[in-house]
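Structure first, then comments.
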Amino acid sequence: MADYVRRHHFDVVHAITPCPIADVYQPRGGTVPEMLSRNLALRSSAVRRGLKWVGQRVDVKYRVLAGLEQRLLGRRPAPWVIAISQYVSDQLKRHYGFDAGRIRLIFNGVDPDESPAHERRTHRVEIRRQFGLADDDLVLLAVAHNFRLKGVDKMIQAMADGQVRGLGHVYAIIVGRDNPKALARQAAALGLADRVFFAGPSQRVGAFFHAADVLVHPTYYDPCSRVVLEALAAGLPVITTRYNGAAECVTDGREGYVMNCPTDLAALADRIVRLADTAHRRQCAQAAPVAVERLTMARHAAEVVRVYEDVLRGRDRREAVC
């Protein structure tokens with residue numbers, strides 16, 4: 001790759017995975033050390049975490065990625081780095097001591113949900129009817145392609161909590177391409193087989209946002225979840241964790257809730273119960289789009305272009321000195 005880039009004399013090289021000759025690095029998956037650390041957190045026991053830690057150290061892919069990222073961020077002159085959330089910016093400083101002056105915080109982009117009211121209503125009726133749900137049922141939504149990493153099992157466990165069961169009308173729809181068999185067994189074991197539905201992958205995620213009441217995303221790791229941003233844009237209250245850069249758009253009790261830990265089932269159940277209150281949920285739904293209204297894709301693209309301009313200005317200065 002490096003030879004290809006050098007041969008073609010590009011004005012700016014923008015990498016989203018570690019590339020030592022990049023002018024701009026945008027680690028959309030966050031830094032390699034943070035990703036490895038949060039994957040360890042998925043393991044439920046010290047023994048399993050230890051085995052995973054050993055596996056990471058001998059895995060050629062991880063070793064190569066870690067080495068490339070270290071070379072890139074330790075290079076002089078340093079690249080410009082685009083952080084898609086403050087969470088990612090903090091990772092760069094914590095894991096690498098990277099110069100904050102070379103970091104540009106350009107939050108992930110999401111466009112407003114401009115669906116007309118009649119379309120939202122149609123989606124709500126259609127999807128709820130598909131799963132046999134009434135308009136006054138409380139419908140939790142999970143959207144993920146890695147169910148374990150995004151804490152979907154924690155949502156199901158929280159639904160078995162006495163407080164949530166006591167509400168009597170709580171259901172969950174899970175959208176995503178991951179294999180649902182383990183979660184289906186979990187739901188059955190908890191007596192929730194008739195309350196947890198698997199929709200599979202869908203190109204109509206926006207319609208599910210309109211049909212649901214709360215997005216539950218107790219993730220172990222998300223540099224900046226687009227699912228959460230899109231849900232907020234659609235006016236859907238969100239429950240997520242501090243290990244998600246998109247949580248920076250959520251103030252507790254205003255657009256939803258941010259949990260400290262994805263494994264805190266009592267806290268998750270408590271947040272679900274709070275959002276079961278119709279008046280409170282409506283207030284959060286009204287506040288949610290406001291929280292992301294300035295995070296448009298046009299804004300994101302314009303800020304990235306300004307980083308390109310910084311790259312070119314810096315190169316011009318170095319060439320003038322030479």
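Starting from 1 in every chain, residues are counted up; chains themselves are A, B, ... following the order of the structure tokens, and ligands are numbered from 1 as listed.
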I'd like the neighbourhood of Cys249 (chain A) as a ChimeraX atom specification, where a residue qualifies if any of its atoms comes within 10 Å (using only C-alpha atoms), though same-chain residues fewer than 4 positions away should be ignored. /A:85,228-229,232,245,255-256,258,288,290-292
For those residues, write N, CA and C atoms to a file as an mmCIF file, in the first residue's frame.
```cif
data_model
loop_
_atom_site.group_PDB
_atom_site.id
_atom_site.type_symbol
_atom_site.label_atom_id
_atom_site.label_comp_id
_atom_site.auth_asym_id
_atom_site.auth_seq_id
_atom_site.Cartn_x
_atom_site.Cartn_y
_atom_site.Cartn_z
ATOM 1 N N SER A 85 -15.308 11.280 18.398
ATOM 2 C CA SER A 85 -15.957 11.596 19.675
ATOM 3 C C SER A 85 -14.871 12.002 20.657
ATOM 4 N N VAL A 228 -27.135 4.901 17.726
ATOM 5 C CA VAL A 228 -27.624 5.796 18.774
ATOM 6 C C VAL A 228 -27.914 7.181 18.205
ATOM 7 N N LEU A 229 -27.018 7.695 17.363
ATOM 8 C CA LEU A 229 -27.242 9.018 16.773
ATOM 9 C C LEU A 229 -28.499 9.022 15.903
ATOM 10 N N LEU A 232 -31.633 8.963 18.108
ATOM 11 C CA LEU A 232 -31.898 10.292 18.659
ATOM 12 C C LEU A 232 -32.510 11.199 17.599
ATOM 13 N N GLY A 245 -19.032 6.691 22.431
ATOM 14 C CA GLY A 245 -18.827 8.109 22.179
ATOM 15 C C GLY A 245 -20.125 8.859 21.944
ATOM 16 N N GLU A 255 -32.480 13.108 27.214
ATOM 17 C CA GLU A 255 -32.694 12.364 25.960
ATOM 18 C C GLU A 255 -32.724 10.857 26.196
ATOM 19 N N GLY A 256 -32.463 10.469 27.432
ATOM 20 C CA GLY A 256 -32.375 9.063 27.789
ATOM 21 C C GLY A 256 -31.451 8.928 28.982
ATOM 22 N N VAL A 258 -27.396 7.318 30.446
ATOM 23 C CA VAL A 258 -26.067 6.761 30.207
ATOM 24 C C VAL A 258 -25.649 5.986 31.445
ATOM 25 N N ALA A 288 -34.592 14.524 22.141
ATOM 26 C CA ALA A 288 -33.597 13.716 21.436
ATOM 27 C C ALA A 288 -33.131 14.323 20.104
ATOM 28 N N VAL A 290 -33.098 17.356 19.098
ATOM 29 C CA VAL A 290 -32.397 18.625 19.340
ATOM 30 C C VAL A 290 -30.933 18.368 19.685
ATOM 31 N N ALA A 291 -30.681 17.267 20.378
ATOM 32 C CA ALA A 291 -29.313 16.949 20.815
ATOM 33 C C ALA A 291 -28.371 16.687 19.652
ATOM 34 N N VAL A 292 -28.919 16.292 18.490
ATOM 35 C CA VAL A 292 -28.045 15.941 17.356
ATOM 36 C C VAL A 292 -28.320 16.794 16.119
#
```
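You can rank A:Val250, A:Ile103, A:Ile239, A:Ala207 by their closest distance to Val152 (chain A) using only C-alpha atoms, and at the top of that list sits A:Ile239.
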Considering only C-alpha atoms, return as a PDB file with N, CA and C atoms, in the first residue's frame whatever protein or nucleic-acid residues lie within 8 Å of Leu295 (chain A), sequence-local ones (same chain, fewer than 5 positions apart) excluded.
```pdb
ATOM      1  N   PHE A 107     -17.213  15.192  15.277  1.00  0.00           N
ATOM      2  CA  PHE A 107     -18.171  14.198  15.742  1.00  0.00           C
ATOM      3  C   PHE A 107     -18.827  13.505  14.556  1.00  0.00           C
ATOM      4  N   ASN A 108     -19.134  12.232  14.751  1.00  0.00           N
ATOM      5  CA  ASN A 108     -19.840  11.470  13.721  1.00  0.00           C
ATOM      6  C   ASN A 108     -21.056  12.239  13.224  1.00  0.00           C
ATOM      7  N   GLY A 109     -21.375  12.071  11.963  1.00  0.00           N
ATOM      8  CA  GLY A 109     -22.479  12.809  11.371  1.00  0.00           C
ATOM      9  C   GLY A 109     -23.770  12.007  11.313  1.00  0.00           C
ATOM     10  N   VAL A 110     -24.876  12.704  11.420  1.00  0.00           N
ATOM     11  CA  VAL A 110     -26.197  12.091  11.241  1.00  0.00           C
ATOM     12  C   VAL A 110     -27.139  13.180  10.739  1.00  0.00           C
ATOM     13  N   ASP A 111     -27.909  12.855   9.726  1.00  0.00           N
ATOM     14  CA  ASP A 111     -28.854  13.835   9.194  1.00  0.00           C
ATOM     15  C   ASP A 111     -30.187  13.742   9.921  1.00  0.00           C
ATOM     16  N   HIS A 300     -20.057  17.497   8.975  1.00  0.00           N
ATOM     17  CA  HIS A 300     -18.951  16.554   9.150  1.00  0.00           C
ATOM     18  C   HIS A 300     -17.975  16.647   7.974  1.00  0.00           C
TER      19      HIS A 300
END
```
Using only C-alpha atoms, which of the listed residues (A:Arg226, A:Arg148, A:Arg281, A:Arg102) sits closest to Gly253 (chain A)?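 Nearest candidate to Gly253 (chain A) out of A:Arg226, A:Arg148, A:Arg281, A:Arg102: A:Arg281.
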